[in-house]
$ cat coords36.cif   # mmCIF, C-alpha atoms
data_coords
loop_
_atom_site.label_atom_id
_atom_site.label_comp_id
_atom_site.auth_asym_id
_atom_site.auth_seq_id
_atom_site.Cartn_x
_atom_site.Cartn_y
_atom_site.Cartn_z
CA MET A 507 68.22 -101.34 -9.60
CA GLU A 508 71.54 -99.68 -10.50
CA ILE A 509 70.18 -96.79 -12.55
CA GLU A 510 73.54 -95.49 -13.74
CA LYS A 511 74.59 -98.94 -14.95
CA VAL A 512 71.26 -99.49 -16.71
CA ASN A 513 71.50 -96.16 -18.53
CA LYS A 514 74.99 -97.00 -19.70
CA GLU A 515 73.72 -100.31 -21.10
CA LEU A 516 70.74 -98.68 -22.83
CA ARG A 517 72.50 -95.58 -24.18
CA ASN A 518 73.05 -97.00 -27.66
CA LYS A 519 69.87 -99.05 -27.81
CA SER A 520 66.94 -98.12 -30.05
CA PRO A 521 63.67 -96.90 -28.50
CA ASN A 522 62.10 -100.25 -29.39
CA GLU A 523 64.90 -102.14 -27.61
CA ILE A 524 64.51 -99.88 -24.57
CA VAL A 525 60.78 -100.65 -24.39
CA GLN A 526 61.44 -104.38 -24.76
CA TRP A 527 63.99 -104.20 -21.91
CA ALA A 528 61.47 -102.42 -19.67
CA ILE A 529 58.63 -104.84 -20.44
CA GLU A 530 60.91 -107.81 -19.69
CA HIS A 531 61.92 -106.34 -16.32
CA SER A 532 58.52 -105.03 -15.19
CA LYS A 533 55.54 -106.66 -13.52
CA LYS A 534 52.97 -103.84 -13.68
CA PRO A 535 54.00 -101.31 -16.34
CA VAL A 536 51.88 -98.32 -17.30
CA ILE A 537 52.15 -95.43 -19.68
CA THR A 538 50.67 -92.01 -18.99
CA THR A 539 49.59 -89.65 -21.74
CA ASN A 540 48.04 -86.23 -22.16
CA PHE A 541 47.87 -86.41 -25.98
CA ARG A 542 50.22 -83.47 -26.36
CA PRO A 543 52.55 -83.15 -29.38
CA TYR A 544 54.39 -86.37 -30.27
CA GLU A 545 52.44 -88.54 -27.80
CA SER A 546 51.30 -90.68 -30.71
CA ALA A 547 54.92 -91.80 -31.16
CA ILE A 548 55.40 -93.25 -27.68
CA LEU A 549 51.89 -94.69 -27.57
CA HIS A 550 52.56 -96.47 -30.86
CA LEU A 551 56.04 -97.60 -29.79
CA THR A 552 55.06 -99.06 -26.43
CA THR A 553 51.80 -100.72 -27.47
CA ALA A 554 53.53 -102.28 -30.48
CA VAL A 555 55.64 -104.19 -27.95
CA ALA A 556 52.92 -104.74 -25.33
CA SER A 557 49.50 -104.42 -26.94
CA ASN A 558 47.57 -104.55 -23.66
CA LEU A 559 49.77 -102.02 -21.86
CA GLN A 560 47.74 -99.99 -19.36
CA VAL A 561 47.36 -96.42 -20.62
CA ILE A 562 46.44 -93.70 -18.13
CA TRP A 563 45.04 -90.35 -19.23
CA CYS A 564 44.53 -87.68 -16.58
CA ASP A 565 42.17 -85.37 -18.44
CA THR A 566 42.23 -81.91 -16.82
CA GLY A 567 39.03 -80.90 -18.60
CA TYR A 568 40.81 -77.94 -20.18
CA ASN A 569 42.06 -79.55 -23.38
CA THR A 570 41.36 -77.94 -26.73
CA SER A 571 38.74 -79.41 -29.05
CA ALA A 572 41.59 -80.46 -31.36
CA THR A 573 43.27 -82.39 -28.55
CA TYR A 574 40.07 -84.24 -27.68
CA ARG A 575 39.58 -85.18 -31.34
CA HIS A 576 43.23 -86.29 -31.52
CA ALA A 577 42.77 -88.42 -28.40
CA LYS A 578 39.69 -90.11 -29.85
CA GLU A 579 41.51 -90.82 -33.10
CA LEU A 580 44.53 -92.37 -31.37
CA ILE A 581 42.48 -94.41 -28.91
CA GLU A 582 40.69 -96.01 -31.86
CA LYS A 583 43.66 -96.24 -34.23
CA LEU A 584 45.97 -97.89 -31.68
CA ASN A 585 43.20 -99.75 -29.81
CA LEU A 586 44.51 -98.36 -26.53
CA ASN A 587 43.77 -100.08 -23.23
CA ILE A 588 43.03 -96.70 -21.66
CA GLU A 589 41.61 -95.58 -18.34
CA ILE A 590 40.66 -91.93 -17.94
CA TYR A 591 40.97 -90.04 -14.66
CA VAL A 592 39.30 -86.66 -14.19
CA PRO A 593 39.27 -84.06 -11.38
CA ARG A 594 36.78 -84.44 -8.58
CA GLN A 595 35.40 -80.94 -9.31
CA SER A 596 33.81 -80.01 -12.64
CA VAL A 597 35.30 -77.31 -14.86
CA ALA A 598 32.07 -75.31 -14.56
CA TYR A 599 32.24 -75.27 -10.75
CA ARG A 600 35.95 -74.42 -10.69
CA ASN A 601 35.50 -71.60 -13.20
CA VAL A 602 33.14 -69.93 -10.73
CA VAL A 603 35.05 -70.44 -7.47
CA LEU A 604 38.66 -70.40 -8.71
CA GLY A 605 39.09 -69.95 -12.44
CA ILE A 606 42.60 -70.37 -13.86
CA PRO A 607 44.82 -68.39 -11.47
CA GLU A 608 48.01 -66.58 -12.39
CA VAL A 609 51.18 -68.68 -12.45
CA ASP A 610 53.38 -68.70 -9.30
CA THR A 611 50.52 -68.03 -6.90
CA PRO A 612 49.15 -70.28 -4.13
CA GLU A 613 45.87 -70.35 -6.05
CA HIS A 614 47.62 -71.75 -9.11
CA ASP A 615 49.21 -74.44 -6.96
CA LEU A 616 45.72 -75.39 -5.77
CA PHE A 617 44.45 -75.37 -9.36
CA SER A 618 47.29 -77.66 -10.50
CA HIS A 619 46.65 -80.01 -7.60
CA GLN A 620 42.94 -80.23 -8.39
CA VAL A 621 43.12 -80.75 -12.15
CA LYS A 622 46.30 -82.79 -12.53
CA LEU A 623 48.19 -83.89 -9.43
CA GLU A 624 45.27 -85.38 -7.48
CA PRO A 625 43.88 -87.37 -10.45
CA PHE A 626 47.40 -88.54 -11.29
CA GLN A 627 48.09 -89.70 -7.74
CA ARG A 628 44.72 -91.44 -7.66
CA ALA A 629 45.62 -93.27 -10.88
CA MET A 630 49.01 -94.32 -9.56
CA ASN A 631 47.54 -95.50 -6.27
CA THR A 632 44.98 -97.55 -8.16
CA HIS A 633 47.43 -99.25 -10.54
CA SER A 634 50.57 -99.35 -8.33
CA PRO A 635 52.97 -99.62 -11.29
CA ASP A 636 56.60 -100.64 -10.96
CA PHE A 637 57.56 -99.21 -14.39
CA TRP A 638 56.20 -96.02 -15.92
CA PHE A 639 56.69 -95.10 -19.58
CA THR A 640 56.86 -91.37 -20.33
CA ASN A 641 57.77 -89.19 -23.28
CA LEU A 642 60.24 -87.01 -21.38
CA ARG A 643 63.08 -85.80 -23.59
CA LYS A 644 66.38 -84.05 -23.08
CA GLY A 645 66.16 -80.35 -23.85
CA GLN A 646 62.54 -79.86 -22.76
CA THR A 647 63.22 -78.38 -19.31
CA ALA A 648 66.17 -77.97 -16.94
CA PHE A 649 64.78 -80.77 -14.77
CA ARG A 650 64.52 -83.16 -17.71
CA ASN A 651 68.08 -82.40 -18.76
CA GLY A 652 69.17 -83.82 -15.41
CA ILE A 653 67.58 -87.25 -15.76
CA ASP A 654 68.28 -89.99 -18.33
CA ILE A 655 66.54 -92.76 -20.27
CA VAL A 656 65.80 -94.52 -16.98
CA SER A 657 65.28 -92.71 -13.69
CA GLN A 658 63.70 -93.43 -10.34
CA GLY A 659 61.52 -91.10 -8.31
CA LYS A 660 61.11 -90.87 -4.55
CA ASP A 661 58.12 -93.20 -4.88
CA GLY A 662 60.44 -95.94 -6.18
CA ILE A 663 58.76 -96.24 -9.58
CA ILE A 664 61.16 -96.81 -12.46
CA LYS A 665 60.53 -94.16 -15.10
CA VAL A 666 61.46 -95.09 -18.69
CA SER A 667 61.76 -92.50 -21.48
CA PRO A 668 62.54 -94.41 -24.71
CA PHE A 669 62.75 -91.25 -26.84
CA TYR A 670 64.86 -89.35 -24.30
CA ASN A 671 67.60 -88.51 -26.81
CA TYR A 672 65.27 -87.84 -29.75
CA SER A 673 64.79 -84.38 -31.25
CA ASP A 674 61.52 -83.06 -32.69
CA GLU A 675 62.94 -83.80 -36.14
CA ASP A 676 63.64 -87.42 -35.16
CA LEU A 677 60.07 -87.80 -33.94
CA ASP A 678 58.69 -86.18 -37.09
CA LEU A 679 60.41 -88.93 -39.05
CA TYR A 680 58.98 -91.59 -36.72
CA LEU A 681 55.45 -90.23 -37.18
CA GLU A 682 55.87 -90.09 -40.95
CA LYS A 683 57.26 -93.64 -41.10
CA HIS A 684 54.32 -95.06 -39.13
CA ASN A 685 51.63 -92.77 -40.57
CA LEU A 686 50.75 -91.32 -37.18
CA PRO A 687 48.90 -88.06 -36.50
CA ASN A 688 50.34 -85.29 -34.33
CA GLU A 689 48.67 -82.69 -32.14
CA LYS A 690 50.05 -79.15 -32.19
CA ASN A 691 47.09 -77.32 -30.60
CA TYR A 692 47.71 -78.68 -27.11
CA TYR A 693 47.55 -76.34 -24.12
CA ASP A 694 48.27 -77.16 -20.48
CA PRO A 695 46.94 -74.54 -18.03
CA THR A 696 48.96 -76.07 -15.17
CA LYS A 697 52.23 -75.29 -16.97
CA VAL A 698 51.40 -72.33 -19.26
CA LEU A 699 55.05 -72.13 -20.37
CA GLU A 700 56.80 -75.07 -22.03
CA ASN A 701 59.84 -74.81 -19.74
CA ARG A 702 57.78 -75.22 -16.55
CA GLU A 703 57.02 -78.49 -14.77
CA CYS A 704 53.49 -79.14 -13.54
CA GLY A 705 54.76 -81.25 -10.66
CA ILE A 706 54.02 -84.79 -11.80
CA HIS A 707 57.58 -85.65 -12.79
CA LYS A 708 59.19 -83.88 -9.85
#

$ encode --input "coords36.cif" --output "structure tokens"
Amino acid sequence: MEIEKVNKELRNKSPNEIVQWAIEHSKKPVITTNFRPYESAILHLTTAVASNLQVIWCDTGYNTSATYRHAKELIEKLNLNIEIYVPRQSVAYRNVVLGIPEVDTPEHDLFSHQVKLEPFQRAMNTHSPDFWFTNLRKGQTAFRNGIDIVSQGKDGIIKVSPFYNYSDEDLDLYLEKHNLPNEKNYYDPTKVLENRECGIHK
């Protein structure tokens, strides 16, 4: 696929048109979610086009109570075809032997691998998608500023970000229009800071 050409063609398309394009060109599409802020927008958008779209949630086990309630609400409201992947070690065991290490230490790298990267890779190996919907947006991190609506990782999977050029204000309007809840109490211990990448998208 000629990524640069595709992005040029999609640049002025609506998020809905971008999703329709991706569904038409894919054989095994998936969407991943962590139920962070504004995830309800992309879950609503994509499943409105493809109601049985495979949704993957890699639950670290460290979400807030509000996030778990938000997830339950969205799963029921949007009737999501969701499969949940969890770490191989329990939170209780990890809290004793490792805890949540300081950022930028080898221990934190191990922690991130255990709670997010390994379950994510297991999910991808299981489903072997060709297209992957994400809610990456320009302005979130330096890495995300360097991609576009459509990108391709080293694994060959085509990554599609329909809301790539949307601001928070744009998404607020989308949520209001479709009467969707949002989740502002989300916390990711693998990132800690909003401008860090956990490793999944790199």

$ atom_distance --input "coords36.cif" --atom1 "atom CA of Glu508 of chain A" --atom2 "atom CA of Ser634 of chain A"
21.1 Å

$ closest_residue --input "coords36.cif" --among "A:Lys622, A:His614, A:Arg542, A:Arg575" --to "Val592 of chain A" --atoms "all atoms listed in the file"
A:Lys622

$ closest_residue --input "coords36.cif" --among "A:Thr538, A:Ser546, A:Ser532, A:Gln658" --to "Asp678 of chain A" --atoms "only C-alpha atoms"
A:Ser546

$ residues_around --input "coords36.cif" --residues "segment 551-563 of chain A" --least-positions-apart "5" --cutoff "6 Å" --atoms "only C-alpha atoms" --output "ChimeraX atom specification"
/A:536-540,587-590

$ closest_residue --input "coords36.cif" --among "A:Asn631, A:Ser520, A:Asn641, A:Thr570" --to "Ile548 of chain A" --atoms "all atoms listed in the file"
A:Asn641

$ resolve_selection --input "coords36.cif" --expression "the PyMOL selection byres ((chain A and resi 525) around 9)" --output "list in words"
Ser520, Pro521, Asn522, Glu523, Ile524, Gln526, Trp527, Ala528, Ile529, Glu530, Leu551, Thr552, Val555, Ala556, Phe639, Val666, Ser667 and Pro668 of chain A

$ residues_around --input "coords36.cif" --residues "Asn685 of chain A" --least-positions-apart "5" --cutoff "12 Å" --atoms "all atoms listed in the file" --output "PyMOL selection string"
chain A and resi 546-547+550+580+583-584+677-680

$ resolve_selection --input "coords36.cif" --expression "the PyMOL selection byres ((chain A and resi 626) around 10)" --output "list of chain:residue names"
A:Thr538, A:Ile562, A:Trp563, A:Cys564, A:Asp565, A:Tyr591, A:Val592, A:Pro593, A:His619, A:Gln620, A:Val621, A:Lys622, A:Leu623, A:Glu624, A:Pro625, A:Gln627, A:Arg628, A:Ala629, A:Met630, A:Asn631, A:Thr632, A:Ile706

$ atom_distance --input "coords36.cif" --atom1 "atom CA of Leu516 of chain A" --atom2 "atom CA of Val656 of chain A"
8.7 Å

$ resolve_selection --input "coords36.cif" --expression "the PyMOL selection byres ((chain A and resi 643) around 6)" --output "MDAnalysis selection string"
chainID A and resid 642 644 670

$ write_last_selection --input "coords36.cif" --atoms "C-alpha atoms" --output "compact mmCIF listing (two decimals), keeping the file's coordinate frame"
# COMPACT_ATOMS: atom_id res chain seq x y z
CA LEU A 642 60.24 -87.01 -21.38
CA LYS A 644 66.38 -84.05 -23.08
CA TYR A 670 64.86 -89.35 -24.30

$ atom_distance --input "coords36.cif" --atom1 "atom CA of His576 of chain A" --atom2 "atom CA of Asp694 of chain A"
15.2 Å

$ residues_around --input "coords36.cif" --residues "Val597 of chain A" --least-positions-apart "3" --cutoff "8 Å" --atoms "only C-alpha atoms" --output "list in words"
Gly567, Tyr568, Arg600 and Asn601 of chain A

$ closest_residue --input "coords36.cif" --among "A:Asn518, A:Asn569, A:Ser596, A:Ser657" --to "Tyr693 of chain A" --atoms "all atoms listed in the file"
A:Asn569

$ closest_residue --input "coords36.cif" --among "A:Asn513, A:Thr640, A:Thr611, A:Thr566" --to "Arg594 of chain A" --atoms "only C-alpha atoms"
A:Thr566
